[in-house]
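Here's start.pdb, which has PDB, C-alpha atoms:
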```pdb
ATOM      1  CA  MET T   1      -0.133 -37.925   6.783  1.00  0.00           C
ATOM      2  CA  PRO T   2       0.374 -34.279   7.775  1.00  0.00           C
ATOM      3  CA  LEU T   3      -1.935 -32.691  10.317  1.00  0.00           C
ATOM      4  CA  TRP T   4      -3.651 -30.632   7.659  1.00  0.00           C
ATOM      5  CA  GLY T   5      -4.679 -33.641   5.529  1.00  0.00           C
ATOM      6  CA  ARG T   6      -5.386 -33.364   1.827  1.00  0.00           C
ATOM      7  CA  LYS T   7      -6.173 -30.132   0.029  1.00  0.00           C
ATOM      8  CA  LYS T   8      -9.863 -29.481  -0.633  1.00  0.00           C
ATOM      9  CA  SER T   9     -11.068 -28.019  -3.869  1.00  0.00           C
ATOM     10  CA  GLU T  10     -13.278 -24.913  -3.768  1.00  0.00           C
ATOM     11  CA  ALA T  11     -16.236 -27.097  -4.793  1.00  0.00           C
ATOM     12  CA  GLU T  12     -15.625 -29.495  -1.867  1.00  0.00           C
ATOM     13  CA  SER T  13     -15.284 -26.685   0.658  1.00  0.00           C
ATOM     14  CA  GLY T  14     -18.610 -25.244  -0.467  1.00  0.00           C
ATOM     15  CA  ARG T  15     -17.235 -21.736  -0.864  1.00  0.00           C
ATOM     16  CA  GLN T  16     -15.361 -19.704  -3.393  1.00  0.00           C
ATOM     17  CA  HIS T  17     -12.090 -17.973  -2.627  1.00  0.00           C
ATOM     18  CA  GLY T  18     -12.825 -14.454  -1.427  1.00  0.00           C
ATOM     19  CA  ALA T  19     -16.493 -15.113  -0.610  1.00  0.00           C
ATOM     20  CA  GLU T  20     -17.541 -12.641   2.032  1.00  0.00           C
ATOM     21  CA  ASP T  21     -18.511 -13.719   5.526  1.00  0.00           C
ATOM     22  CA  ARG T  22     -20.235 -10.637   6.902  1.00  0.00           C
ATOM     23  CA  SER T  23     -20.186 -12.031  10.454  1.00  0.00           C
ATOM     24  CA  ILE T  24     -16.422 -11.526  10.741  1.00  0.00           C
ATOM     25  CA  PRO T  25     -15.639  -7.873  11.462  1.00  0.00           C
ATOM     26  CA  GLY T  26     -12.350  -6.605  10.113  1.00  0.00           C
ATOM     27  CA  TRP T  27     -11.970  -9.215   7.371  1.00  0.00           C
ATOM     28  CA  LEU T  28     -12.270  -8.350   3.703  1.00  0.00           C
ATOM     29  CA  ALA T  29     -13.908 -10.741   1.276  1.00  0.00           C
ATOM     30  CA  THR T  30     -10.834 -10.514  -0.953  1.00  0.00           C
ATOM     31  CA  ASP T  31      -8.415 -11.476   1.823  1.00  0.00           C
ATOM     32  CA  PRO T  32      -6.620 -14.704   0.880  1.00  0.00           C
ATOM     33  CA  PHE T  33      -7.116 -15.981   4.434  1.00  0.00           C
ATOM     34  CA  SER T  34     -10.869 -15.312   4.576  1.00  0.00           C
ATOM     35  CA  GLY T  35     -11.536 -19.077   4.431  1.00  0.00           C
ATOM     36  CA  VAL T  36      -9.328 -19.651   7.462  1.00  0.00           C
ATOM     37  CA  ALA T  37     -11.034 -16.741   9.225  1.00  0.00           C
ATOM     38  CA  GLY T  38     -14.425 -18.322   8.520  1.00  0.00           C
ATOM     39  CA  LEU T  39     -13.272 -21.641   9.958  1.00  0.00           C
ATOM     40  CA  LEU T  40     -11.831 -19.999  13.078  1.00  0.00           C
ATOM     41  CA  ASN T  41     -15.013 -17.948  13.442  1.00  0.00           C
ATOM     42  CA  ARG T  42     -16.962 -21.221  13.834  1.00  0.00           C
ATOM     43  CA  TRP T  43     -14.673 -22.260  16.713  1.00  0.00           C
ATOM     44  CA  ALA T  44     -14.369 -18.979  18.584  1.00  0.00           C
ATOM     45  CA  ALA T  45     -15.311 -15.309  18.378  1.00  0.00           C
ATOM     46  CA  PRO T  46     -12.899 -13.272  16.261  1.00  0.00           C
ATOM     47  CA  VAL T  47     -10.057 -11.525  18.044  1.00  0.00           C
ATOM     48  CA  LEU T  48      -8.464  -8.654  16.156  1.00  0.00           C
ATOM     49  CA  TRP T  49      -4.840  -7.977  16.981  1.00  0.00           C
ATOM     50  CA  GLU T  50      -4.073  -4.247  17.127  1.00  0.00           C
ATOM     51  CA  ALA T  51      -0.309  -4.865  16.916  1.00  0.00           C
ATOM     52  CA  LEU T  52      -0.693  -5.784  13.248  1.00  0.00           C
ATOM     53  CA  ASP T  53      -0.555  -2.076  12.425  1.00  0.00           C
ATOM     54  CA  GLU T  54       3.122  -2.355  13.314  1.00  0.00           C
ATOM     55  CA  LYS T  55       5.693  -4.705  11.818  1.00  0.00           C
ATOM     56  CA  VAL T  56       4.978  -8.208  13.107  1.00  0.00           C
ATOM     57  CA  THR T  57       7.924  -9.683  14.948  1.00  0.00           C
ATOM     58  CA  PRO T  58       8.350 -13.024  16.725  1.00  0.00           C
ATOM     59  CA  LEU T  59       8.338 -11.187  20.076  1.00  0.00           C
ATOM     60  CA  LEU T  60       4.984  -9.502  19.296  1.00  0.00           C
ATOM     61  CA  VAL T  61       3.494 -12.878  18.356  1.00  0.00           C
ATOM     62  CA  GLU T  62       4.853 -14.456  21.549  1.00  0.00           C
ATOM     63  CA  ASP T  63       3.340 -11.666  23.664  1.00  0.00           C
ATOM     64  CA  ALA T  64      -0.030 -12.004  21.904  1.00  0.00           C
ATOM     65  CA  VAL T  65      -0.119 -15.790  22.375  1.00  0.00           C
ATOM     66  CA  GLU T  66       0.815 -15.476  26.048  1.00  0.00           C
ATOM     67  CA  ASN T  67      -2.158 -13.138  26.550  1.00  0.00           C
ATOM     68  CA  VAL T  68      -4.664 -15.634  25.099  1.00  0.00           C
ATOM     69  CA  LYS T  69      -6.689 -17.149  27.923  1.00  0.00           C
ATOM     70  CA  LEU T  70      -7.162 -20.859  27.215  1.00  0.00           C
ATOM     71  CA  ARG T  71      -9.608 -22.752  29.384  1.00  0.00           C
ATOM     72  CA  GLY T  72     -11.130 -26.075  28.683  1.00  0.00           C
ATOM     73  CA  ALA T  73     -10.623 -29.764  28.570  1.00  0.00           C
ATOM     74  CA  LYS T  74      -7.224 -31.264  27.876  1.00  0.00           C
ATOM     75  CA  LEU T  75      -8.433 -32.438  24.434  1.00  0.00           C
ATOM     76  CA  GLU T  76      -9.543 -28.888  23.524  1.00  0.00           C
ATOM     77  CA  LEU T  77      -6.188 -27.466  24.606  1.00  0.00           C
ATOM     78  CA  LYS T  78      -4.389 -30.111  22.548  1.00  0.00           C
ATOM     79  CA  ALA T  79      -6.493 -29.213  19.478  1.00  0.00           C
ATOM     80  CA  ALA T  80      -5.813 -25.507  20.036  1.00  0.00           C
ATOM     81  CA  GLY T  81      -2.104 -26.303  20.319  1.00  0.00           C
ATOM     82  CA  GLN T  82      -2.121 -28.279  17.062  1.00  0.00           C
ATOM     83  CA  VAL T  83      -3.881 -25.454  15.236  1.00  0.00           C
ATOM     84  CA  GLY T  84      -1.454 -23.001  16.827  1.00  0.00           C
ATOM     85  CA  TRP T  85       1.519 -25.028  15.557  1.00  0.00           C
ATOM     86  CA  LEU T  86       0.100 -24.970  12.033  1.00  0.00           C
ATOM     87  CA  PHE T  87      -0.261 -21.194  12.122  1.00  0.00           C
ATOM     88  CA  LEU T  88       3.122 -20.726  13.763  1.00  0.00           C
ATOM     89  CA  SER T  89       4.753 -22.850  11.051  1.00  0.00           C
ATOM     90  CA  ALA T  90       3.062 -20.790   8.348  1.00  0.00           C
ATOM     91  CA  LEU T  91       3.983 -17.530  10.071  1.00  0.00           C
ATOM     92  CA  CYS T  92       7.629 -18.593  10.422  1.00  0.00           C
ATOM     93  CA  THR T  93       7.792 -19.536   6.750  1.00  0.00           C
ATOM     94  CA  VAL T  94       6.367 -16.179   5.687  1.00  0.00           C
ATOM     95  CA  TYR T  95       8.582 -14.290   8.142  1.00  0.00           C
ATOM     96  CA  ARG T  96      11.728 -16.033   6.809  1.00  0.00           C
ATOM     97  CA  LYS T  97      10.683 -15.191   3.244  1.00  0.00           C
ATOM     98  CA  ILE T  98      10.181 -11.562   4.219  1.00  0.00           C
ATOM     99  CA  LEU T  99      13.622 -11.402   5.839  1.00  0.00           C
ATOM    100  CA  THR T 100      15.183 -12.970   2.746  1.00  0.00           C
ATOM    101  CA  GLN T 101      13.317 -10.582   0.451  1.00  0.00           C
ATOM    102  CA  ASP T 102      14.301  -7.581   2.596  1.00  0.00           C
ATOM    103  CA  ALA T 103      17.958  -8.594   2.329  1.00  0.00           C
ATOM    104  CA  GLU T 104      17.599  -9.055  -1.437  1.00  0.00           C
ATOM    105  CA  ILE T 105      15.927  -5.630  -1.747  1.00  0.00           C
ATOM    106  CA  ARG T 106      18.791  -3.981   0.188  1.00  0.00           C
ATOM    107  CA  LYS T 107      21.315  -5.753  -2.038  1.00  0.00           C
ATOM    108  CA  LEU T 108      19.484  -4.679  -5.209  1.00  0.00           C
ATOM    109  CA  ARG T 109      19.246  -1.079  -3.975  1.00  0.00           C
ATOM    110  CA  ASP T 110      22.994  -1.063  -3.369  1.00  0.00           C
ATOM    111  CA  GLU T 111      23.555  -2.477  -6.862  1.00  0.00           C
ATOM    112  CA  VAL T 112      21.270   0.169  -8.386  1.00  0.00           C
ATOM    113  CA  ALA T 113      23.148   2.941  -6.561  1.00  0.00           C
ATOM    114  CA  ALA T 114      26.490   1.557  -7.768  1.00  0.00           C
ATOM    115  CA  LEU T 115      25.168   1.253 -11.332  1.00  0.00           C
ATOM    116  CA  GLN T 116      23.832   4.814 -11.240  1.00  0.00           C
ATOM    117  CA  GLU T 117      27.247   6.084 -10.116  1.00  0.00           C
ATOM    118  CA  ARG T 118      28.892   4.060 -12.855  1.00  0.00           C
ATOM    119  CA  GLN T 119      26.399   5.358 -15.432  1.00  0.00           C
ATOM    120  CA  LEU T 120      27.159   8.943 -14.396  1.00  0.00           C
ATOM    121  CA  LEU T 121      30.899   8.300 -14.694  1.00  0.00           C
ATOM    122  CA  ILE T 122      30.418   6.759 -18.149  1.00  0.00           C
ATOM    123  CA  LYS T 123      28.264   9.710 -19.240  1.00  0.00           C
ATOM    124  CA  GLU T 124      30.907  12.179 -18.048  1.00  0.00           C
ATOM    125  CA  THR T 125      33.627  10.163 -19.820  1.00  0.00           C
ATOM    126  CA  ILE T 126      31.648  10.150 -23.072  1.00  0.00           C
ATOM    127  CA  GLU T 127      30.940  13.885 -22.841  1.00  0.00           C
ATOM    128  CA  SER T 128      34.630  14.543 -22.161  1.00  0.00           C
ATOM    129  CA  ALA T 129      35.653  12.350 -25.107  1.00  0.00           C
ATOM    130  CA  VAL T 130      33.194  14.156 -27.407  1.00  0.00           C
ATOM    131  CA  THR T 131      34.534  17.538 -26.267  1.00  0.00           C
ATOM    132  CA  ARG T 132      38.131  16.396 -26.838  1.00  0.00           C
ATOM    133  CA  GLY T 133      37.143  14.997 -30.218  1.00  0.00           C
ATOM    134  CA  ASP T 134      35.527  18.304 -31.192  1.00  0.00           C
ATOM    135  CA  GLN T 135      38.642  20.155 -30.034  1.00  0.00           C
ATOM    136  CA  MET T 136      40.915  17.799 -31.988  1.00  0.00           C
ATOM    137  CA  GLU T 137      38.740  18.167 -35.088  1.00  0.00           C
ATOM    138  CA  ALA T 138      38.944  21.966 -34.819  1.00  0.00           C
ATOM    139  CA  ARG T 139      42.727  21.814 -34.392  1.00  0.00           C
ATOM    140  CA  CYS T 140      43.084  19.438 -37.347  1.00  0.00           C
ATOM    141  CA  THR T 141      40.915  21.685 -39.511  1.00  0.00           C
ATOM    142  CA  ALA T 142      42.962  24.742 -38.498  1.00  0.00           C
ATOM    143  CA  SER T 143      46.205  22.848 -39.204  1.00  0.00           C
ATOM    144  CA  ALA T 144      44.926  21.689 -42.587  1.00  0.00           C
ATOM    145  CA  GLU T 145      43.966  25.261 -43.471  1.00  0.00           C
ATOM    146  CA  ARG T 146      47.433  26.542 -42.479  1.00  0.00           C
ATOM    147  CA  VAL T 147      49.146  23.814 -44.471  1.00  0.00           C
ATOM    148  CA  GLY T 148      46.881  24.524 -47.439  1.00  0.00           C
ATOM    149  CA  ARG T 149      47.641  28.258 -47.340  1.00  0.00           C
ATOM    150  CA  SER T 150      51.351  27.653 -47.026  1.00  0.00           C
ATOM    151  CA  LEU T 151      51.271  25.241 -49.982  1.00  0.00           C
ATOM    152  CA  LYS T 152      48.787  27.429 -51.795  1.00  0.00           C
ATOM    153  CA  CYS T 153      46.560  24.406 -52.217  1.00  0.00           C
ATOM    154  CA  PRO T 154      42.913  25.498 -52.490  1.00  0.00           C
ATOM    155  CA  GLN T 155      41.532  22.008 -51.669  1.00  0.00           C
ATOM    156  CA  LEU T 156      42.984  22.093 -48.133  1.00  0.00           C
ATOM    157  CA  CYS T 157      41.788  25.607 -47.407  1.00  0.00           C
ATOM    158  CA  LYS T 158      38.093  24.821 -47.563  1.00  0.00           C
TER     159      LYS T 158
END
```
Written form, structure tokens:
Amino acid sequence: MPLWGRKKSEAESGRQHGAEDRSIPGWLATDPFSGVAGLLNRWAAPVLWEALDEKVTPLLVEDAVENVKLRGAKLELKAAGQVGWLFLSALCTVYRKILTQDAEIRKLRDEVAALQERQLLIKETIESAVTRGDQMEARCTASAERVGRSLKCPQLCK
């Protein structure tokens, strides 16, 4: 059985998703992790991480974890380590997804730029073809009028 056990329903946990815990400064009631924040708040006072204003990187997380002062019994440190591994696993999963999505976004932007260039080229080609068609139509009309005058055929001179 995984460390995190079975999933609780909202009824079993006794709270609804997004319920506000006013004792946790810096956390919004609508935050998807407000339940986790409430649980952590029961274990220790909240610690807000200023570096989150920047892009979170593995090095920033490592520095933040190194600065946490852990004191206590061996059992408490083991429990803190297990919880830390759960959060690290979740963070790594999200971070990998972000990297993958960033790469996909760059690829899609490149594709959009290439398609826009291609669209412009097609538009210019169509406009050029229309202009040539108009020119050819005018030349054909002029030729038909000349032929009609030379043959004295009133139908071609219209």
Correct to one decimal, the distance CA of Leu59 (chain T)-CA of Leu28 (chain T) is 26.5 Å
Can you tell me how far CA of Val68 (chain T) sits from CA of Ala44 (chain T), in Å to one decimal?
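So the two atoms, CA of Val68 (chain T) and CA of Ala44 (chain T), lie 12.2 Å apart.
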Please provide the set of residues having any atom within 12 Å of Gly84 (chain T), restricted to all atoms listed in the file, with same-chain residues fewer than 4 positions apart removed, written as a PDB file with C-alpha atoms, keeping the file's coordinate frame.
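out-v8.pdb, freshly written:
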```pdb
ATOM      1  CA  LEU T   3      -1.935 -32.691  10.317  1.00  0.00           C
ATOM      2  CA  LEU T  40     -11.831 -19.999  13.078  1.00  0.00           C
ATOM      3  CA  VAL T  61       3.494 -12.878  18.356  1.00  0.00           C
ATOM      4  CA  GLU T  62       4.853 -14.456  21.549  1.00  0.00           C
ATOM      5  CA  VAL T  65      -0.119 -15.790  22.375  1.00  0.00           C
ATOM      6  CA  VAL T  68      -4.664 -15.634  25.099  1.00  0.00           C
ATOM      7  CA  LEU T  77      -6.188 -27.466  24.606  1.00  0.00           C
ATOM      8  CA  LYS T  78      -4.389 -30.111  22.548  1.00  0.00           C
ATOM      9  CA  ALA T  79      -6.493 -29.213  19.478  1.00  0.00           C
ATOM     10  CA  ALA T  80      -5.813 -25.507  20.036  1.00  0.00           C
ATOM     11  CA  LEU T  88       3.122 -20.726  13.763  1.00  0.00           C
ATOM     12  CA  SER T  89       4.753 -22.850  11.051  1.00  0.00           C
ATOM     13  CA  ALA T  90       3.062 -20.790   8.348  1.00  0.00           C
ATOM     14  CA  LEU T  91       3.983 -17.530  10.071  1.00  0.00           C
ATOM     15  CA  CYS T  92       7.629 -18.593  10.422  1.00  0.00           C
TER      16      CYS T  92
END
```
